Every structure is written in structure tokens, then in C-alpha cells.
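Structure file work27.txt with compact mmCIF, C-alpha atoms:
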```txt
# COMPACT_ATOMS: atom_id res chain seq x y z
CA MET A 1 -100.18 -27.56 -0.16
CA GLU A 2 -100.01 -29.26 -3.57
CA PRO A 3 -102.79 -28.36 -6.01
CA PHE A 4 -105.64 -30.83 -6.11
CA ARG A 5 -105.82 -33.20 -9.05
CA VAL A 6 -108.65 -32.08 -11.36
CA LEU A 7 -110.21 -35.09 -13.06
CA ASP A 8 -111.04 -34.89 -16.75
CA PRO A 9 -113.72 -37.38 -17.88
CA ASN A 10 -112.51 -36.92 -21.45
CA LEU A 11 -109.16 -38.37 -20.42
CA PRO A 12 -110.32 -41.40 -18.46
CA GLY A 13 -107.94 -42.89 -15.93
CA ARG A 14 -107.43 -46.53 -15.12
CA MET A 15 -109.02 -47.32 -11.78
CA ALA A 16 -108.59 -50.45 -9.71
CA PRO A 17 -111.53 -52.88 -9.97
CA GLY A 18 -114.30 -52.05 -7.54
CA LEU A 19 -113.20 -48.50 -6.74
CA CYS A 20 -116.08 -46.29 -5.56
CA ALA A 21 -116.16 -42.50 -5.86
CA LEU A 22 -117.42 -40.82 -2.68
CA ALA A 23 -118.18 -37.46 -4.24
CA VAL A 24 -119.45 -34.44 -2.33
CA MET A 25 -121.39 -31.87 -4.35
CA THR A 26 -120.11 -28.40 -3.48
CA LYS A 27 -120.32 -24.77 -4.45
CA ALA A 28 -117.23 -22.66 -3.74
CA PRO A 29 -117.80 -21.21 -0.23
CA GLN A 30 -118.05 -17.53 -1.06
CA ALA A 31 -119.96 -15.02 1.07
CA GLY A 32 -123.38 -14.23 -0.38
CA ARG A 33 -123.41 -17.36 -2.56
CA VAL A 34 -123.72 -20.22 -0.06
CA LYS A 35 -126.12 -21.00 2.81
CA THR A 36 -128.15 -17.90 1.99
CA ARG A 37 -131.23 -19.30 3.75
CA LEU A 38 -129.27 -19.01 7.00
CA VAL A 39 -128.93 -15.22 6.56
CA PRO A 40 -130.12 -14.21 9.11
CA PRO A 41 -129.35 -15.33 11.81
CA LEU A 42 -125.91 -15.55 10.22
CA THR A 43 -124.19 -12.82 8.24
CA PRO A 44 -123.14 -13.74 4.67
CA GLU A 45 -119.55 -14.09 5.89
CA GLU A 46 -120.57 -16.34 8.78
CA ALA A 47 -122.72 -18.44 6.44
CA ALA A 48 -119.72 -18.95 4.15
CA GLU A 49 -117.54 -19.92 7.11
CA LEU A 50 -120.18 -22.39 8.32
CA ASN A 51 -120.31 -23.84 4.81
CA LYS A 52 -116.55 -24.38 4.96
CA CYS A 53 -116.97 -26.18 8.29
CA PHE A 54 -119.70 -28.42 6.86
CA LEU A 55 -117.44 -29.29 3.94
CA ARG A 56 -114.41 -29.93 6.14
CA ASP A 57 -116.43 -32.31 8.33
CA THR A 58 -118.08 -34.13 5.43
CA ALA A 59 -114.78 -34.48 3.60
CA ALA A 60 -113.07 -35.75 6.75
CA ALA A 61 -115.78 -38.39 7.18
CA ILE A 62 -115.40 -39.40 3.54
CA SER A 63 -111.62 -39.59 3.89
CA SER A 64 -112.01 -41.73 7.01
CA ALA A 65 -114.32 -44.11 5.14
CA CYS A 66 -111.82 -44.29 2.27
CA SER A 67 -108.96 -45.15 4.60
CA ARG A 68 -110.69 -48.26 5.90
CA ARG A 69 -109.20 -50.70 3.43
CA PRO A 70 -111.05 -54.01 2.97
CA ALA A 71 -109.32 -56.89 4.69
CA GLY A 72 -106.67 -58.59 2.60
CA GLU A 73 -106.70 -55.98 -0.16
CA ALA A 74 -103.60 -54.16 -1.35
CA ARG A 75 -103.99 -52.57 -4.75
CA GLU A 76 -102.52 -49.82 -6.81
CA VAL A 77 -104.66 -47.21 -8.54
CA GLN A 78 -103.35 -45.55 -11.66
CA PHE A 79 -104.61 -42.12 -12.67
CA GLU A 80 -103.63 -40.82 -16.07
CA HIS A 81 -104.72 -37.29 -16.93
CA ALA A 82 -103.15 -34.84 -19.36
CA GLY A 83 -100.24 -37.20 -19.86
CA ALA A 84 -99.43 -37.45 -16.15
CA SER A 85 -99.48 -40.60 -14.08
CA HIS A 86 -100.20 -40.87 -10.38
CA SER A 87 -100.02 -43.99 -8.23
CA GLU A 88 -101.29 -44.40 -4.70
CA ALA A 89 -102.23 -47.17 -2.32
CA ALA A 90 -105.80 -48.11 -3.11
CA THR A 91 -108.75 -48.32 -0.81
CA ALA A 92 -112.27 -49.39 -1.68
CA ALA A 93 -113.16 -45.74 -2.31
CA CYS A 94 -111.67 -42.30 -2.84
CA GLY A 95 -112.87 -38.79 -2.10
CA ILE A 96 -113.94 -36.35 -4.80
CA ALA A 97 -115.32 -32.81 -4.65
CA VAL A 98 -117.66 -32.08 -7.57
CA TYR A 99 -117.39 -28.31 -7.58
CA THR A 100 -118.63 -25.12 -9.19
CA PRO A 101 -117.67 -22.65 -10.56
CA VAL A 102 -114.71 -23.62 -12.71
CA GLY A 103 -111.80 -21.43 -11.68
CA ALA A 104 -112.56 -21.72 -7.96
CA GLU A 105 -110.18 -24.62 -7.34
CA SER A 106 -108.02 -22.63 -4.92
CA ALA A 107 -111.06 -22.08 -2.66
CA TYR A 108 -110.69 -25.66 -1.44
CA THR A 109 -107.16 -25.25 -0.15
CA ASP A 110 -107.13 -25.99 3.60
CA ILE A 111 -110.71 -27.31 3.38
CA LEU A 112 -110.36 -30.67 1.63
CA PRO A 113 -107.95 -33.44 2.62
CA ALA A 114 -104.87 -33.72 0.42
CA ASP A 115 -106.00 -37.06 -0.99
CA PHE A 116 -109.16 -35.57 -2.56
CA SER A 117 -109.52 -34.87 -6.28
CA LEU A 118 -111.73 -32.27 -7.95
CA LEU A 119 -114.28 -32.67 -10.74
CA PRO A 120 -116.01 -29.65 -12.30
CA GLN A 121 -119.80 -29.64 -12.28
CA ARG A 122 -121.67 -29.22 -15.54
CA GLY A 123 -125.33 -28.76 -16.41
CA ASP A 124 -127.88 -26.11 -15.52
CA LYS A 125 -130.71 -27.60 -13.48
CA PHE A 126 -130.00 -29.46 -10.26
CA GLY A 127 -130.99 -32.88 -11.58
CA GLU A 128 -128.76 -32.37 -14.61
CA ARG A 129 -125.79 -31.54 -12.40
CA LEU A 130 -126.31 -34.70 -10.38
CA TYR A 131 -126.64 -36.93 -13.42
CA PHE A 132 -123.69 -35.37 -15.26
CA ALA A 133 -121.55 -35.81 -12.13
CA VAL A 134 -122.44 -39.51 -12.11
CA GLU A 135 -121.76 -39.84 -15.84
CA ASP A 136 -118.42 -38.03 -15.62
CA LEU A 137 -117.21 -40.10 -12.67
CA PHE A 138 -118.02 -43.34 -14.48
CA ASN A 139 -116.17 -41.98 -17.51
CA CYS A 140 -113.19 -41.38 -15.23
CA GLY A 141 -113.14 -45.12 -14.56
CA PHE A 142 -114.93 -45.57 -11.24
CA GLU A 143 -116.93 -48.77 -10.84
CA SER A 144 -119.55 -47.20 -8.55
CA VAL A 145 -120.44 -43.66 -7.55
CA CYS A 146 -121.94 -42.00 -4.48
CA LEU A 147 -123.04 -38.37 -4.63
CA ILE A 148 -123.13 -36.74 -1.20
CA ASP A 149 -124.58 -33.39 -0.16
CA SER A 150 -122.57 -30.80 1.76
CA ASP A 151 -125.44 -29.83 4.07
CA SER A 152 -125.34 -32.84 6.43
CA PRO A 153 -122.17 -32.54 8.53
CA THR A 154 -123.30 -35.02 11.20
CA VAL A 155 -123.45 -38.04 8.85
CA PRO A 156 -120.73 -40.38 10.20
CA ALA A 157 -118.02 -42.13 8.21
CA GLU A 158 -119.72 -45.45 8.91
CA ASN A 159 -122.63 -44.47 6.67
CA PHE A 160 -120.30 -43.79 3.76
CA GLU A 161 -118.43 -47.01 4.42
CA GLN A 162 -121.74 -48.89 4.40
CA ALA A 163 -122.67 -47.32 1.07
CA VAL A 164 -119.39 -48.49 -0.48
CA GLU A 165 -119.99 -52.00 0.82
CA LEU A 166 -123.56 -52.10 -0.51
CA LEU A 167 -122.29 -51.07 -3.95
CA SER A 168 -119.57 -53.73 -4.02
CA THR A 169 -122.06 -56.35 -5.23
CA SER A 170 -122.24 -57.34 -8.89
CA GLU A 171 -125.99 -56.66 -8.95
CA ASP A 172 -127.35 -53.30 -10.05
CA ARG A 173 -128.83 -51.31 -7.17
CA VAL A 174 -129.30 -47.80 -5.83
CA VAL A 175 -128.24 -46.82 -2.30
CA LEU A 176 -130.02 -43.89 -0.66
CA GLY A 177 -129.24 -42.03 2.53
CA PRO A 178 -132.63 -40.57 3.54
CA SER A 179 -132.91 -37.12 5.06
CA ASP A 180 -135.77 -36.55 7.45
CA ASP A 181 -137.07 -33.68 5.31
CA GLY A 182 -137.98 -36.14 2.57
CA GLY A 183 -134.82 -35.78 0.50
CA TYR A 184 -131.56 -37.70 0.60
CA TYR A 185 -128.00 -36.89 1.67
CA LEU A 186 -126.48 -39.63 -0.50
CA ILE A 187 -127.33 -41.48 -3.67
CA GLY A 188 -125.11 -44.36 -4.74
CA VAL A 189 -125.30 -46.12 -8.09
CA LYS A 190 -123.50 -48.79 -10.09
CA LYS A 191 -124.55 -47.48 -13.51
CA PRO A 192 -125.36 -44.01 -14.87
CA ASN A 193 -129.15 -44.40 -14.83
CA ARG A 194 -130.47 -41.01 -15.94
CA HIS A 195 -134.05 -41.96 -15.04
CA LEU A 196 -133.16 -41.73 -11.34
CA PHE A 197 -132.74 -37.97 -11.74
CA GLU A 198 -135.73 -37.25 -13.96
CA GLN A 199 -139.26 -36.17 -12.97
CA ILE A 200 -138.06 -35.27 -9.47
CA ASN A 201 -139.48 -32.27 -7.59
CA TRP A 202 -136.13 -31.11 -6.24
CA SER A 203 -135.98 -29.28 -2.88
CA THR A 204 -139.29 -30.77 -1.75
CA GLU A 205 -140.32 -33.49 0.68
CA ARG A 206 -141.07 -35.76 -2.30
CA VAL A 207 -137.49 -36.24 -3.53
CA LEU A 208 -136.74 -39.54 -1.76
CA ASN A 209 -140.05 -41.18 -2.59
CA GLN A 210 -139.92 -40.05 -6.21
CA THR A 211 -136.36 -41.37 -6.56
CA MET A 212 -137.42 -44.72 -5.12
CA GLN A 213 -140.32 -44.73 -7.58
CA ARG A 214 -137.92 -44.11 -10.49
CA ALA A 215 -135.74 -47.01 -9.29
CA THR A 216 -138.75 -49.31 -9.05
CA GLU A 217 -139.84 -48.36 -12.58
CA ILE A 218 -136.53 -49.54 -14.03
CA GLY A 219 -136.26 -52.57 -11.76
CA ILE A 220 -133.32 -51.54 -9.59
CA GLU A 221 -132.98 -52.85 -6.04
CA ILE A 222 -133.10 -50.14 -3.35
CA LYS A 223 -130.95 -50.12 -0.23
CA LEU A 224 -131.37 -47.50 2.51
CA LEU A 225 -128.75 -46.11 4.88
CA PRO A 226 -129.50 -44.66 8.34
CA THR A 227 -131.43 -41.38 8.20
CA GLY A 228 -129.66 -38.03 8.46
CA TYR A 229 -130.74 -34.43 8.16
CA ASP A 230 -129.88 -31.33 6.13
CA VAL A 231 -129.03 -27.99 7.71
CA ASP A 232 -130.47 -25.34 5.44
CA ASP A 233 -132.73 -23.10 7.53
CA ASP A 234 -133.00 -21.53 10.97
CA ALA A 235 -134.85 -24.48 12.52
CA SER A 236 -132.34 -27.07 11.37
CA LEU A 237 -129.46 -24.81 12.44
CA ARG A 238 -130.91 -24.69 15.95
CA ARG A 239 -131.29 -28.46 15.89
CA LEU A 240 -127.64 -28.77 14.91
CA CYS A 241 -126.59 -26.46 17.73
CA ASN A 242 -128.60 -28.44 20.26
CA GLU A 243 -127.15 -31.72 19.01
CA LEU A 244 -123.50 -30.72 18.85
CA LEU A 245 -123.25 -28.38 21.82
CA ALA A 246 -125.09 -30.54 24.33
CA ASN A 247 -122.26 -33.12 24.25
CA THR A 248 -124.73 -35.86 23.34
CA THR A 249 -122.79 -36.90 20.22
CA SER A 250 -119.36 -38.39 19.77
CA ALA A 251 -116.53 -35.84 19.69
CA ASP A 252 -115.50 -37.04 16.23
CA ILE A 253 -118.84 -36.00 14.73
CA ALA A 254 -118.60 -32.64 12.93
CA PRO A 255 -115.73 -31.20 15.04
CA HIS A 256 -115.16 -28.15 12.81
CA THR A 257 -118.86 -27.30 12.77
CA ARG A 258 -119.04 -27.82 16.52
CA GLU A 259 -116.18 -25.38 17.12
CA PHE A 260 -117.75 -22.74 14.87
CA LEU A 261 -121.17 -23.05 16.51
CA ALA A 262 -119.72 -22.85 20.01
CA SER A 263 -118.04 -19.57 19.10
CA PHE A 264 -121.14 -18.27 17.34
CA VAL A 265 -123.49 -19.08 20.21
CA THR A 266 -121.15 -17.37 22.64
CA ARG A 267 -121.12 -14.22 20.51
CA LYS A 268 -124.71 -14.12 19.28
CA LYS A 269 -126.66 -16.08 21.88
CA LEU A 270 -128.41 -18.21 19.23
```
Target format C-alpha cells, applied to this file:
Amino acid sequence: MEPFRVLDPNLPGRMAPGLCALAVMTKAPQAGRVKTRLVPPLTPEEAAELNKCFLRDTAAAISSACSRRPAGEAREVQFEHAGASHSEAATAACGIAVYTPVGAESAYTDILPADFSLLPQRGDKFGERLYFAVEDLFNCGFESVCLIDSDSPTVPAENFEQAVELLSTSEDRVVLGPSDDGGYYLIGVKKPNRHLFEQINWSTERVLNQTMQRATEIGIEIKLLPTGYDVDDDASLRRLCNELLANTTSADIAPHTREFLASFVTRKKL
């Protein structure tokens, strides 16, 4: 597999007009460093494997949304980084993994689709990392940006496609994908508005409402996507198992996660 393109915001590329970055925020899936709130019932190794499944499913949904080219459009996107040029058939969006730590690029081999690019995270606090990801992606030449969490594997491609469409307007707005724990699984913006990421009580049930309040304070229109949910504790893991293993959802929803959970339940009787 060819190495992923690593974007450098200091060497901005030329993007086609209207191109949206669908960017999943991710930490390299290493045992003991990801999904630690799921240990137990999972072992650190199982938690890391589940994290890989979440990322595979989210990235596949993003890639599917990117492949749905707007009617009548045929464009070329030019990327120029470190003196190299890359051309590919353009869609309305493209998939990015905003990752940490630097040096872990090889961890995403066989996890991300080949058409994804990587962008290193920077910043210390969570809100800083989100804002700097937005800023860096705009510096790379994207016209709009969606940041997507890697804890919501059941969010369908249609939600991401809807976000891209909502951001295709010329008017400034923020698109939010609410999570039923009071946070959000997606935030989409047309400008790098730092205020949207300030004075937020991260990892609480107040995140969505506070973000909407920040948007109102600076006069930005708010658009909401269908609600999803994060999987970050034992209760939400059981919910995910019940949803995916009861055959009540479409087979194309989170297939990698579904396969892992089926094996895990058989072995551990979750």
C-alpha cells in the first residue's frame, strides 16, 4: 500500500472551489492508549482493535460520502506539497485523518482507505486541537471543513453527505451532528471561527448547547444533522452490541465493528 499523503498547512495546496474536508480526529490505535474507558470489559488489546474497527467504519462512511459526486460536476484537484503534485478526480469532499502522535503514520495502513490524506494534530487541550485542525485544513486550501469523531461508528454516509451539502452555501454557518450525550459527533464550518471552540466544558453534556451559544454570539446560522451517539463506556458499548447484533440496522452500517462485536460476544458473553 502506498504511503498516505501527509498534508502540510505551511505548503498550501490548490483545491478545487467548494471542496470540503471530511476530517476524522484520531489517536493512533495502540493498546493502553485508546478506548481506555472500555477496559474492562475489554482488554487493552481488544479496546485497540475495537478502535481500529470504529475508524475503519467511520472512514468507509466518509469515503462513501466523498464518492458521491454532485450531478454535472467533473473537476480536477491539484495538491502541491514539498514540491510534488498530485491530481485526482474531484468530488465535493475528501477524507482526512487528523492524527496524533507524529510518527505514527504507519499505524493507519490497512485501516484508512487509500484515498485518505493525513494531517498531524497540534495543540495541547482538546479545544485547541479542534481549532488548530480547522485552521490547518483551511490553510491547506479547503473551502469548508467538517471535524468528525472516531467514537460514533454507526453514523451513516448520508449524514456526512448532508453536512457537505449544507456547507456548500455562500453564507457562513455551522453544521452540528448532535450526540445524545449532549456532545456532537461532527462540527462543520466555513471559516476558522475560534470562538466556537472556546469556553466549552469538553466531555460533558453541555458541549452541544455551549457550542450553539458560541455560534449565536457571533451571529452564525446553525444547522443540525440527525442525532448519533458516542461509544465510550460500558453502557454505550452494550447499546452498540444490541443495535448491531440484533440485525435491526442495515448491513452496511459499521460492518467491521459488527464483525468484531459478534466475535467478542461469542467469546466473552457480553
Legend entry - Gap from atom CA of A:Ala61 to atom CA of A:Leu112 - Å, one decimal: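 For atom CA of A:Ala61 relative to atom CA of A:Leu112, the distance reads 10.9 Å.
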Inset, instruction - Compile the contact shell of stretch 137-153 of chain A as a PyMOL selection string: residues with an atom at most 8 Å away, counting only C-alpha atoms, same-chain residues fewer than 2 positions apart removed. - result: chain A and resi 7-15+17-26+51+54-55+57-58+130+133-135+155+163+167-168+185-192+228-232+253-254+257
Inset, instruction - Select, from A:Ile220, A:Pro156, A:Leu225, A:Arg37, the residue with the minimum atom-to-atom distance to A:Ala251, counting all atoms listed in the file. - result: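 For A:Ala251, the nearest of the candidates is A:Pro156.
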Inset, instruction - Starting from the point (-104.6, -30.5, -0.3), work out which residues of protein, DNA or RNA have an atom no more than 7 Å away when counting only C-alpha atoms; state them as a list of chain:residue names. - result: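 Selection result: A:Met1, A:Glu2, A:Pro3, A:Phe4, A:Thr109, A:Asp110, A:Leu112, A:Pro113, A:Ala114, A:Asp115.
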Inset, instruction - Point out the residue among A:Ser203, A:Thr36, A:Thr100, A:Asn159 with the least atom-to-atom distance to A:Leu176, counting all atoms listed in the file. - result: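 For A:Leu176, the nearest of the given residues is A:Asn159.
Atom pair atom CA of A:Leu245 / atom CA of A:Leu224 has a distance of 28.4 Å (rounded to one decimal).
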Legend entry - Separation of atom CA of A:Trp202 from atom CA of A:Tyr184 in Å: 10.5 Å
Legend entry - Selected residue of minimal separation from A:Gly183 among A:Ala157, A:Ser170, A:Thr211, A:Asp124, counting only C-alpha atoms: A:Thr211
Legend entry - Distance query 9 Å from (-117.6, -47.9, 2.8) using only C-alpha atoms, result as JSON, numbers by chain: {"A": [20, 22, 62, 65, 66, 68, 69, 70, 92, 93, 157, 158, 159, 160, 161, 162, 163, 164, 165, 166, 167]}
